[in-house]
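S.K.: Provided below: final-v2.csv, containing CSV, C-alpha atoms and all ligand atoms.
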```csv
chain,number,residue,atom,x,y,z
I,1,MET,CA,122.3,74.6,44.4
I,2,LEU,CA,119.9,74.0,47.3
I,3,SER,CA,117.9,77.1,48.3
I,4,MET,CA,118.0,78.7,51.7
I,5,LEU,CA,114.9,78.9,53.9
I,6,TYR,CA,114.4,82.1,55.9
I,7,CYS,CA,112.9,83.1,59.2
I,8,GLY,CA,109.1,82.8,59.0
I,9,ASN,CA,109.3,79.5,57.1
I,10,PRO,CA,107.5,76.9,59.3
I,11,PHE,CA,110.0,74.2,58.3
I,12,LEU,CA,112.6,76.0,60.4
I,13,ASN,CA,110.4,75.3,63.5
I,14,LYS,CA,110.2,71.6,62.9
I,15,THR,CA,112.2,68.9,64.7
I,16,VAL,CA,113.8,67.0,61.9
I,17,ASP,CA,114.4,63.2,61.6
I,18,PRO,CA,117.5,61.1,62.3
I,19,VAL,CA,119.5,59.6,59.4
I,20,THR,CA,118.9,55.9,59.2
I,21,VAL,CA,120.7,54.9,55.9
I,22,PHE,CA,124.3,55.8,55.5
I,23,ASP,CA,124.9,55.6,51.7
I,24,SER,CA,126.5,57.8,49.1
I,25,SER,CA,123.5,60.2,49.2
I,26,VAL,CA,124.5,61.3,52.7
I,27,GLU,CA,128.0,62.2,51.5
I,28,LYS,CA,126.5,64.0,48.5
I,29,LEU,CA,124.2,66.0,50.8
I,30,ILE,CA,127.1,67.0,53.1
I,31,GLU,CA,129.0,68.3,50.0
I,32,GLU,CA,125.9,70.3,49.0
I,33,LEU,CA,125.6,71.8,52.5
I,34,PHE,CA,129.2,72.9,52.4
I,35,GLU,CA,128.5,74.4,49.0
I,36,VAL,CA,125.6,76.5,50.3
I,37,MET,CA,127.5,77.5,53.5
I,38,ASP,CA,130.5,78.7,51.5
I,39,ALA,CA,128.4,80.6,48.9
I,40,ASN,CA,126.8,82.5,51.9
I,41,ASN,CA,130.1,82.9,53.8
I,42,GLY,CA,128.7,81.0,56.8
I,43,VAL,CA,130.6,79.1,59.5
I,44,GLY,CA,127.8,76.5,59.8
I,45,LEU,CA,124.7,75.2,58.1
I,46,ALA,CA,122.0,72.7,59.1
I,47,ALA,CA,120.0,70.5,56.7
I,48,PRO,CA,116.6,72.0,57.7
I,49,GLN,CA,117.9,75.4,56.6
I,50,VAL,CA,117.8,74.1,53.0
I,51,GLY,CA,114.5,72.3,53.6
I,52,ILE,CA,116.0,68.8,54.2
I,53,ASN,CA,114.4,66.7,56.9
I,54,LYS,CA,117.6,65.1,58.2
I,55,ARG,CA,119.6,65.5,61.4
I,56,ILE,CA,122.8,66.7,59.7
I,57,PHE,CA,124.8,69.9,60.1
I,58,VAL,CA,128.2,71.1,58.8
I,59,VAL,CA,130.7,73.4,60.5
I,60,ASP,CA,133.8,75.2,59.3
I,61,THR,CA,135.0,77.7,61.9
I,62,ARG,CA,138.3,78.4,59.9
I,63,GLN,CA,140.1,78.0,63.2
I,64,ASN,CA,141.9,74.8,62.5
I,65,GLY,CA,141.1,74.4,58.8
I,66,GLU,CA,139.0,71.4,59.6
I,67,ARG,CA,135.6,70.9,58.1
I,68,LEU,CA,133.3,68.8,60.2
I,69,ALA,CA,129.9,67.1,59.4
I,70,PHE,CA,127.7,66.0,62.2
I,71,ILE,CA,125.0,63.3,61.6
I,72,ASN,CA,122.5,62.4,64.3
I,73,PRO,CA,124.4,64.6,66.9
I,74,GLU,CA,123.7,64.5,70.6
I,75,ILE,CA,125.1,67.0,73.0
I,76,ILE,CA,126.0,64.7,75.9
I,77,ALA,CA,127.6,67.2,78.2
I,78,THR,CA,128.0,71.0,78.6
I,79,SER,CA,130.0,73.2,81.0
I,80,ASP,CA,128.2,74.9,83.8
I,81,ASP,CA,129.0,78.4,82.6
I,82,SER,CA,127.0,80.7,80.3
I,83,VAL,CA,129.0,83.0,78.1
I,84,PRO,CA,127.9,85.8,75.8
I,85,TYR,CA,128.6,85.8,72.0
I,86,GLU,CA,127.1,87.8,69.2
I,87,GLU,CA,125.4,85.3,66.9
I,88,GLY,CA,124.0,85.6,63.4
I,89,CYS,CA,122.3,83.0,61.1
I,90,LEU,CA,122.1,82.5,57.4
I,91,SER,CA,118.3,82.1,57.8
I,92,VAL,CA,118.0,85.4,59.6
I,93,PRO,CA,120.3,87.6,57.5
I,94,GLY,CA,121.3,91.0,58.8
I,95,VAL,CA,120.3,90.2,62.4
I,96,PHE,CA,123.0,89.8,65.2
I,97,ARG,CA,122.2,89.3,68.8
I,98,THR,CA,124.1,88.4,72.0
I,99,ILE,CA,123.2,84.9,73.1
I,100,TYR,CA,124.4,83.1,76.2
I,101,ARG,CA,125.5,79.5,76.0
I,102,PRO,CA,127.8,77.1,77.8
I,103,SER,CA,131.5,77.6,76.6
I,104,THR,CA,132.3,73.9,76.3
I,105,VAL,CA,130.3,70.9,74.9
I,106,GLU,CA,130.8,67.2,74.4
I,107,ILE,CA,129.0,65.9,71.4
I,108,SER,CA,128.5,62.4,70.0
I,109,TYR,CA,127.6,62.0,66.3
I,110,LYS,CA,128.0,59.8,63.3
I,111,LYS,CA,130.3,60.3,60.4
I,112,HIS,CA,129.1,60.0,56.8
I,113,ASN,CA,130.1,56.3,56.9
I,114,GLY,CA,128.0,55.6,60.0
I,115,LYS,CA,131.0,55.5,62.3
I,116,SER,CA,130.4,57.0,65.8
I,117,GLU,CA,132.6,59.8,67.1
I,118,ILE,CA,132.7,61.9,70.2
I,119,ILE,CA,134.5,65.3,70.4
I,120,ARG,CA,134.9,67.9,73.1
I,121,ALA,CA,134.7,71.5,71.7
I,122,SER,CA,135.2,74.9,73.2
I,123,GLY,CA,135.4,78.5,71.8
I,124,LEU,CA,133.8,79.3,68.4
I,125,LEU,CA,133.4,75.6,67.5
I,126,ALA,CA,131.3,74.9,70.7
I,127,ARG,CA,129.2,78.0,69.9
I,128,VAL,CA,128.5,77.0,66.3
I,129,ILE,CA,127.8,73.3,67.3
I,130,GLN,CA,125.1,74.5,69.7
I,131,HIS,CA,123.6,77.0,67.3
I,132,GLU,CA,123.4,74.4,64.5
I,133,ASN,CA,122.1,71.6,66.8
I,134,ASP,CA,119.3,74.0,67.8
I,135,HIS,CA,118.3,74.1,64.1
I,136,LEU,CA,117.7,70.3,64.1
I,137,ASN,CA,115.3,70.8,67.0
I,138,GLY,CA,113.4,73.6,65.2
I,139,ARG,CA,115.0,76.5,67.1
I,140,LEU,CA,116.5,79.7,65.6
I,141,PHE,CA,119.0,81.6,67.8
I,142,ILE,CA,116.5,84.4,68.2
I,143,SER,CA,114.2,82.1,70.1
I,144,ARG,CA,116.7,82.1,72.9
I,145,LEU,CA,116.0,85.8,73.5
I,146,SER,CA,113.1,87.2,75.5
I,147,ASP,CA,109.8,87.4,73.7
I,148,GLU,CA,110.2,91.2,73.2
I,149,GLU,CA,113.7,90.9,71.9
I,150,MET,CA,112.7,88.1,69.6
I,151,GLN,CA,109.8,90.2,68.1
I,152,ASP,CA,112.3,93.1,67.7
I,153,SER,CA,114.7,90.7,65.8
I,154,VAL,CA,111.9,89.5,63.5
I,155,ARG,CA,111.0,93.1,62.7
I,156,GLU,CA,114.6,93.9,62.0
I,157,PHE,CA,114.9,90.8,59.7
I,158,ARG,CA,111.8,91.8,57.8
I,159,LYS,CA,112.9,95.4,57.4
I,160,LYS,CA,116.4,94.5,56.2
I,161,ASN,CA,115.2,91.8,53.8
I,162,LYS,CA,112.2,93.3,52.0
I,163,HIS,CA,113.7,92.6,48.6
I,164,LEU,CA,114.5,89.0,49.5
I,165,LEU,CA,111.1,88.3,51.0
I,166,LYS,CA,109.3,89.9,48.0
I,167,LYS,CA,111.3,87.6,45.6
I,168,ILE,CA,110.4,84.5,47.7
I,169,ASN,CA,106.7,85.4,47.7
I,170,ALA,CA,106.7,86.2,43.9
I,171,HIS,CA,108.1,82.7,43.2
I,172,GLY,CA,106.0,80.9,45.8
V,201,NI,NI,121.6,79.4,62.0
```
Take the structure I supplied and represent it as structure tokens, if you would.
M.R.:
Amino acid sequence: MLSMLYCGNPFLNKTVDPVTVFDSSVEKLIEELFEVMDANNGVGLAAPQVGINKRIFVVDTRQNGERLAFINPEIIATSDDSVPYEEGCLSVPGVFRTIYRPSTVEISYKKHNGKSEIIRASGLLARVIQHENDHLNGRLFISRLSDEEMQDSVREFRKKNKHLLKKINAHG
């Protein structure tokens, strides 16, 4: 299985590249992303979180039983409101913070076969889409907090994941 990258890994701060070739490797990568997401009980996962330099993320909010994969996504419209929600992230385990975002988004993207789609999302789906799309632009949710709150989140992450971080350092 692909390995997770965690907060502090510089790859998570990188803007990743669009997918240009839509072949069977894209479909395979999407399956692998779902596999890692499920193993970690996540509701979304972006390719850079497993070290892959591609603009792809997957989402399963378990609201409508539908699994969605977004390739080269573009958020083309958002509602004017800004609503709070407590977010977490598989790359920042143990840390949960209230983040404000628009409640509704319209997003264009490609499917695995290269076909273009546009959907409008609200509720948890809109929230997860915005969180995962941030990953493609090198942003963790904690970067949407004030500097002080972000530093506090990083401290909490390090404190709660000492064992995990020790293991990563031991194995390079
Ligand atoms: Ni995340």
S.K.: List the spatial neighbours of I:Pro18 as a list in words - criterion: any atom at most 12 Å away, only C-alpha atoms, same-chain residues fewer than 4 positions off excluded.
M.R.: Phe22, Val26, Ala47, Pro48, Ile52, Asn53, Lys54, Arg55, Ile56, Phe57, Phe70, Ile71, Asn72, Pro73, Glu74, Tyr109, Lys110, Leu136 and Asn137 of chain I
S.K.: Which is closer to I:Glu32 than all the others in I:Asn9, I:Thr20, I:Ser143, I:Ser3, using all atoms listed in the file?
M.R.: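 Answer, going by the shortest atom-to-atom distance: I:Ser3.
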S.K.: Report as CSV the residues of chain I within 8 Å of ligand NI 201 (chain V), each with its shortest atom pair and distance in Å (one decimal), using all atoms listed in the file, ordered by chain and increasing residue number.
M.R.:
```
residue,atom,partner,partner_atom,distance
I:Gly44,CA,V:NI201,NI,7.2
I:Leu45,CA,V:NI201,NI,6.5
I:Ala46,CA,V:NI201,NI,7.3
I:Gln49,CA,V:NI201,NI,7.7
I:Gly88,CA,V:NI201,NI,6.8
I:Cys89,CA,V:NI201,NI,3.8
I:Leu90,CA,V:NI201,NI,5.6
I:Ser91,CA,V:NI201,NI,6.0
I:Val92,CA,V:NI201,NI,7.4
I:His131,CA,V:NI201,NI,6.2
I:Glu132,CA,V:NI201,NI,5.9
I:His135,CA,V:NI201,NI,6.6
I:Leu140,CA,V:NI201,NI,6.2
I:Phe141,CA,V:NI201,NI,6.7
```
S.K.: Rounded to one decimal place, report the atom CA of I:Ile118-atom CA of I:Leu68 distance in Å.
M.R.: 12.2 Å
S.K.: Report, in Å to a single decimal, how far apart atom CA of I:Gly123 and atom CA of I:Tyr6 are.
M.R.: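 Spanning atom CA of I:Tyr6 to atom CA of I:Gly123 is a straight-line distance of 26.6 Å.
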S.K.: What gap, in Å, lies between atom CA of I:Arg155 and atom CA of I:Ser82?
M.R.: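 About the pair atom CA of I:Arg155 and atom CA of I:Ser82: they are 26.8 Å apart.
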S.K.: Kindly indicate which residue among I:Arg139, I:Val128, I:Ser108, I:Pro102 lies nearest to I:Asn13, using only C-alpha atoms for the distances.
M.R.: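 Using only C-alpha atoms, the shortest distance to I:Asn13 belongs to I:Arg139.
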S.K.: Which of these, I:Asp81, I:Arg97, I:Ser146, I:Ala69, has the shortest distance to I:Glu117 once you count only C-alpha atoms?
M.R.: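 Using only C-alpha atoms, the shortest distance to I:Glu117 belongs to I:Ala69.
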S.K.: From the options I:Glu156, I:Glu106, I:Asp60, I:Asp38, which residue's atoms come nearest to I:Thr78, counting all atoms listed in the file?
M.R.: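 Looking at the shortest contact to I:Thr78, the residue is I:Glu106.
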S.K.: Pick out the closest residue to I:His112 from this set: I:Ile99, I:Val50, I:Val58, I:Met1. Count only C-alpha atoms.
M.R.: I:Val58
S.K.: When distances are computed from all atoms listed in the file, which of I:Asn41, I:Lys111, I:Lys160, I:Arg144 shows the smallest separation from I:Val19?
M.R.: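 Distance minimum relative to I:Val19 lands on I:Lys111.
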S.K.: I:Val43: which residues within 7 Å, counting all atoms listed in the file, same-chain residues fewer than 5 positions away excluded, as a PyMOL selection string?
M.R.: chain I and resi 37+59-61
S.K.: List the spatial neighbours of I:Arg127 as a VMD selection string - criterion: any atom at most 9 Å away, all atoms listed in the file, same-chain residues fewer than 6 positions off excluded.
M.R.: chain I and resid 85 87 101 to 105 121
S.K.: Please produce a file of those selected residues containing C-alpha atoms, as an mmCIF file, keeping the file's coordinate frame.
M.R.:
```cif
data_model
loop_
_atom_site.group_PDB
_atom_site.id
_atom_site.type_symbol
_atom_site.label_atom_id
_atom_site.label_comp_id
_atom_site.auth_asym_id
_atom_site.auth_seq_id
_atom_site.Cartn_x
_atom_site.Cartn_y
_atom_site.Cartn_z
ATOM 1 C CA TYR I 85 128.600 85.800 72.000
ATOM 2 C CA GLU I 87 125.400 85.300 66.900
ATOM 3 C CA ARG I 101 125.500 79.500 76.000
ATOM 4 C CA PRO I 102 127.800 77.100 77.800
ATOM 5 C CA SER I 103 131.500 77.600 76.600
ATOM 6 C CA THR I 104 132.300 73.900 76.300
ATOM 7 C CA VAL I 105 130.300 70.900 74.900
ATOM 8 C CA ALA I 121 134.700 71.500 71.700
#
```
